[in-house]
>>> print(open('target.txt').read())   # compact mmCIF, C-alpha atoms
# COMPACT_ATOMS: atom_id res chain seq x y z
CA MET A 23 6.72 11.81 16.46
CA THR A 24 2.93 11.68 16.45
CA VAL A 25 1.21 12.07 13.09
CA ASP A 26 -2.52 12.10 12.45
CA HIS A 27 -3.78 9.62 9.89
CA PRO A 28 -4.86 11.98 7.08
CA VAL A 29 -7.60 11.59 4.51
CA LEU A 30 -5.91 12.24 1.15
CA GLU A 31 -7.72 13.16 -2.05
CA THR A 32 -7.24 13.49 -5.79
CA ALA A 33 -9.83 14.52 -8.36
CA ARG A 34 -11.14 10.95 -8.59
CA LEU A 35 -9.94 9.26 -5.38
CA ARG A 36 -10.37 9.55 -1.63
CA LEU A 37 -7.80 7.76 0.51
CA ARG A 38 -9.40 7.09 3.88
CA ARG A 39 -9.57 4.41 6.55
CA TRP A 40 -11.53 1.26 5.84
CA ARG A 41 -14.91 0.98 7.60
CA ASP A 42 -16.50 -1.98 9.36
CA ASP A 43 -19.30 -2.05 6.78
CA GLU A 44 -16.71 -2.91 4.10
CA LEU A 45 -15.63 -6.27 5.53
CA GLN A 46 -17.27 -8.23 2.69
CA ARG A 47 -15.54 -6.07 0.06
CA ILE A 48 -12.16 -6.53 1.79
CA SER A 49 -12.73 -10.28 1.96
CA ALA A 50 -13.56 -10.44 -1.76
CA ALA A 51 -10.57 -8.31 -2.75
CA ARG A 52 -8.07 -10.34 -0.73
CA THR A 53 -9.47 -13.70 -1.90
CA ASN A 54 -8.35 -14.06 -5.49
CA GLN A 55 -5.74 -15.93 -7.47
CA ALA A 56 -3.27 -13.05 -7.94
CA THR A 57 -3.38 -12.14 -4.24
CA ALA A 58 -2.83 -15.74 -3.22
CA HIS A 59 0.08 -16.07 -5.63
CA PHE A 60 1.95 -12.82 -4.98
CA LEU A 61 1.04 -12.36 -1.29
CA PRO A 62 1.24 -15.91 0.09
CA PHE A 63 1.14 -14.70 3.71
CA ILE A 64 -2.54 -13.72 3.29
CA PRO A 65 -4.77 -16.63 4.34
CA GLN A 66 -6.94 -18.05 1.58
CA PRO A 67 -9.82 -17.72 1.50
CA PHE A 68 -9.65 -14.40 3.36
CA THR A 69 -12.87 -14.49 5.36
CA VAL A 70 -14.97 -11.67 6.79
CA GLU A 71 -13.57 -12.61 10.21
CA ASP A 72 -10.04 -12.31 8.80
CA ALA A 73 -10.99 -8.86 7.50
CA ARG A 74 -12.37 -7.87 10.91
CA PHE A 75 -9.10 -8.93 12.61
CA TRP A 76 -7.06 -7.16 9.90
CA LEU A 77 -8.91 -3.86 10.51
CA LYS A 78 -8.34 -4.17 14.27
CA ASP A 79 -4.64 -4.87 13.69
CA LEU A 80 -4.36 -1.88 11.34
CA ALA A 81 -5.96 0.41 13.92
CA GLU A 82 -3.49 -0.73 16.59
CA GLN A 83 -0.51 -0.20 14.29
CA ALA A 84 -1.78 3.24 13.26
CA ALA A 85 -2.20 4.22 16.92
CA ALA A 86 1.40 3.12 17.53
CA GLY A 87 2.58 5.18 14.55
CA THR A 88 4.17 2.18 12.83
CA ARG A 89 1.92 2.02 9.78
CA PHE A 90 -0.48 4.12 7.74
CA ASN A 91 -3.15 2.30 5.79
CA TRP A 92 -5.68 3.73 3.37
CA CYS A 93 -8.72 2.42 1.59
CA VAL A 94 -8.41 3.74 -1.96
CA ALA A 95 -11.99 4.79 -2.63
CA ASP A 96 -13.77 6.28 -5.62
CA ALA A 97 -14.30 9.97 -4.78
CA ALA A 98 -17.80 10.02 -6.31
CA THR A 99 -19.23 6.78 -4.88
CA ASP A 100 -16.91 6.20 -1.87
CA GLN A 101 -16.65 2.53 -2.90
CA GLY A 102 -13.40 0.87 -1.83
CA LEU A 103 -11.27 0.03 -4.87
CA GLY A 104 -8.06 -1.12 -3.21
CA ASN A 105 -5.62 -0.68 -0.39
CA ILE A 106 -2.34 1.13 0.09
CA THR A 107 -0.10 0.72 3.12
CA LEU A 108 2.90 2.75 4.22
CA PHE A 109 4.93 0.56 6.58
CA GLY A 110 8.45 -0.17 7.74
CA ILE A 111 8.71 3.50 8.66
CA HIS A 112 12.22 4.41 9.80
CA VAL A 113 13.07 7.80 11.25
CA ARG A 114 16.74 7.93 12.20
CA GLY A 115 18.09 11.46 12.16
CA ALA A 116 18.08 12.65 8.56
CA VAL A 117 17.12 9.19 7.27
CA ARG A 118 13.35 8.93 6.87
CA ASP A 119 12.23 6.05 4.73
CA ALA A 120 9.25 3.74 4.42
CA GLU A 121 7.88 1.00 2.20
CA VAL A 122 4.62 0.98 0.24
CA GLY A 123 2.49 -2.08 -0.37
CA TYR A 124 -0.77 -2.23 -2.31
CA TRP A 125 -3.54 -4.37 -3.72
CA MET A 126 -6.65 -3.75 -5.79
CA HIS A 127 -10.13 -5.22 -5.88
CA PRO A 128 -10.21 -7.32 -9.10
CA GLU A 129 -12.96 -5.19 -10.67
CA ALA A 130 -10.90 -1.99 -10.18
CA GLN A 131 -7.64 -3.20 -11.74
CA GLY A 132 -6.12 -1.67 -14.85
CA GLY A 133 -7.38 1.91 -14.64
CA GLY A 134 -4.31 3.60 -13.16
CA VAL A 135 -6.04 4.06 -9.81
CA MET A 136 -3.25 2.62 -7.70
CA SER A 137 -0.42 4.57 -9.33
CA GLU A 138 -2.46 7.74 -8.74
CA ALA A 139 -3.02 6.76 -5.09
CA ILE A 140 0.69 6.02 -4.59
CA ARG A 141 1.64 9.40 -6.05
CA ARG A 142 -0.79 11.08 -3.62
CA VAL A 143 0.61 9.19 -0.62
CA ALA A 144 4.14 10.12 -1.73
CA GLN A 145 3.13 13.77 -1.99
CA TRP A 146 1.86 13.69 1.61
CA TYR A 147 4.80 11.63 2.85
CA PHE A 148 7.39 14.02 1.38
CA ALA A 149 5.63 17.21 2.55
CA PRO A 150 7.16 18.75 5.69
CA ALA A 151 5.36 18.23 8.99
CA ASN A 152 4.62 21.95 9.27
CA ALA A 153 2.70 21.65 5.98
CA GLY A 154 0.65 18.66 7.19
CA GLY A 155 2.95 15.97 5.78
CA PHE A 156 5.23 13.36 7.27
CA GLY A 157 8.59 14.83 6.28
CA GLY A 158 9.86 11.64 4.65
CA ARG A 159 12.75 11.38 2.22
CA ARG A 160 12.52 7.95 0.52
CA ILE A 161 9.80 5.41 -0.28
CA VAL A 162 10.53 1.85 -1.38
CA ILE A 163 8.40 -0.71 -3.23
CA ARG A 164 9.46 -4.36 -3.24
CA THR A 165 7.71 -7.04 -5.28
CA ALA A 166 8.25 -10.29 -7.12
CA ALA A 167 10.06 -9.89 -10.43
CA SER A 168 7.21 -11.73 -12.19
CA ASN A 169 4.53 -9.41 -10.76
CA THR A 170 4.31 -7.28 -13.90
CA ALA A 171 1.16 -5.44 -12.73
CA ALA A 172 2.80 -4.28 -9.48
CA ARG A 173 5.98 -3.34 -11.33
CA ARG A 174 4.04 -1.35 -13.93
CA THR A 175 2.16 0.42 -11.13
CA ALA A 176 5.43 1.39 -9.40
CA GLU A 177 6.88 2.72 -12.65
CA LYS A 178 3.71 4.70 -13.49
CA ALA A 179 3.89 6.23 -10.01
CA GLY A 180 7.38 7.52 -10.82
CA PHE A 181 9.47 4.97 -8.93
CA ARG A 182 12.84 3.83 -10.29
CA HIS A 183 14.04 0.23 -10.42
CA VAL A 184 17.11 0.24 -8.16
CA GLY A 185 17.92 -3.42 -7.69
CA THR A 186 17.12 -7.08 -8.01
CA GLU A 187 17.81 -9.71 -5.37
CA ARG A 188 17.95 -13.15 -6.89
CA ALA A 189 15.73 -15.88 -5.41
CA ALA A 190 14.65 -13.61 -2.52
CA PHE A 191 10.84 -13.47 -2.83
CA GLU A 192 8.67 -16.33 -1.59
CA ILE A 193 5.86 -16.82 -4.03
CA GLY A 194 3.17 -19.43 -4.62
CA GLY A 195 5.11 -22.30 -3.07
CA GLY A 196 8.37 -21.31 -4.77
CA VAL A 197 10.88 -18.51 -5.02
CA ASP A 198 11.18 -15.57 -7.42
CA ASP A 199 13.60 -12.69 -7.70
CA LYS A 200 12.72 -9.62 -5.61
CA VAL A 201 12.81 -6.26 -7.38
CA THR A 202 13.14 -2.98 -5.53
CA TYR A 203 11.93 0.43 -6.66
CA ASP A 204 12.37 3.71 -4.85
CA LEU A 205 11.27 7.31 -5.00
CA LEU A 206 13.22 10.11 -3.33
CA ILE A 207 11.98 13.48 -2.22
CA THR A 208 14.40 14.93 -4.79
CA ASP A 209 12.94 12.95 -7.75
>>> encode(input="target.txt", output="structure tokens")
Amino acid sequence: MTVDHPVLETARLRLRRWRDDELQRISAARTNQATAHFLPFIPQPFTVEDARFWLKDLAEQAAAGTRFNWCVADAATDQGLGNITLFGIHVRGAVRDAEVGYWMHPEAQGGGVMSEAIRRVAQWYFAPANAGGFGGRRIVIRTAASNTAARRTAEKAGFRHVGTERAAFEIGGGVDDKVTYDLLITD
């Protein structure tokens, strides 16, 4: 199944691919205390060269159809505010699920931008292929139980808490519980 990487829009957001001229902004967004704590697999500091490699890796994964990644940009200024990734895409007969991950630039946090972006990605993901969508059926969000901002974002986007795995999330040199949220096409 080949799917084009769409540009998605809302009244205040444009979800598009990151550009090479945004490497500094990506570096700044991925180098902060919350990112380091809740996403320990991201090197710290996250340099411009790391950002360059990350964009190249994203392009290769998109070409292979294994991941969709969007810069969440302000529709008026086109400034990158954050990132949303649809990954772990499984298409097995009637089962079509994927996971969503996200992060925000520190100056853009707290305005409901990411929950709006996630709702827009879900709308595209659930739309049938003949209507320009992916034809998915379920999206999952997994995060650390103590990541209250990510949990609040998932809930504002309409996701339901469906489970907690104890001591299953590596975090800041330790372990936290992992919480799982999902959204179904029927929700």
>>> atom_distance(input="target.txt", atom1="atom CA of A:Ile111", atom2="atom CA of A:Gln46")
29.1 Å
>>> axis_aligned_box(input="target.txt", around="stretch 68-85 of chain A", padding_each_side="4 Å", output="AutoDock Vina command-line options")
--center_x -7.7 --center_y -5.1 --center_z 10.1 --size_x 22.5 --size_y 26.7 --size_z 21.6
>>> residues_around(input="target.txt", residues="A:Ser168", least_positions_apart="5", cutoff="12 Å", atoms="all atoms listed in the file", output="PyMOL selection string")
chain A and resi 56+59-60+173-174+186+189+191-194+197-201
>>> residues_around(input="target.txt", residues="stretch 120-135 of chain A", least_positions_apart="6", cutoff="7 Å", atoms="only C-alpha atoms", output="PyMOL selection string")
chain A and resi 51+103-112+160-163
>>> residues_around(input="target.txt", residues="stretch 25-34 of chain A", least_positions_apart="3", cutoff="8 Å", atoms="all atoms listed in the file", output="MDAnalysis selection string")
chainID A and resid 37:39 84 87 90 96:98 139 142:143 146 156
>>> atom_distance(input="target.txt", atom1="atom CA of A:Cys93", atom2="atom CA of A:Phe181")
21.2 Å
>>> residues_near_point(input="target.txt", point="(-2.9, -16.5, 2.5)", cutoff="12 Å", atoms="only C-alpha atoms", output="PyMOL selection string")
chain A and resi 49+52-69+72+193-195
>>> atom_distance(input="target.txt", atom1="atom CA of A:Thr208", atom2="atom CA of A:Gly185")
18.9 Å
>>> closest_residue(input="target.txt", among="A:Asp100, A:Asp119, A:Asp209, A:Asp43", to="A:Gly180", atoms="all atoms listed in the file")
A:Asp209
>>> residues_around(input="target.txt", residues="A:Val113", least_positions_apart="3", cutoff="10 Å", atoms="all atoms listed in the file", output="ChimeraX atom specification")
/A:23,110,116-120,157-159
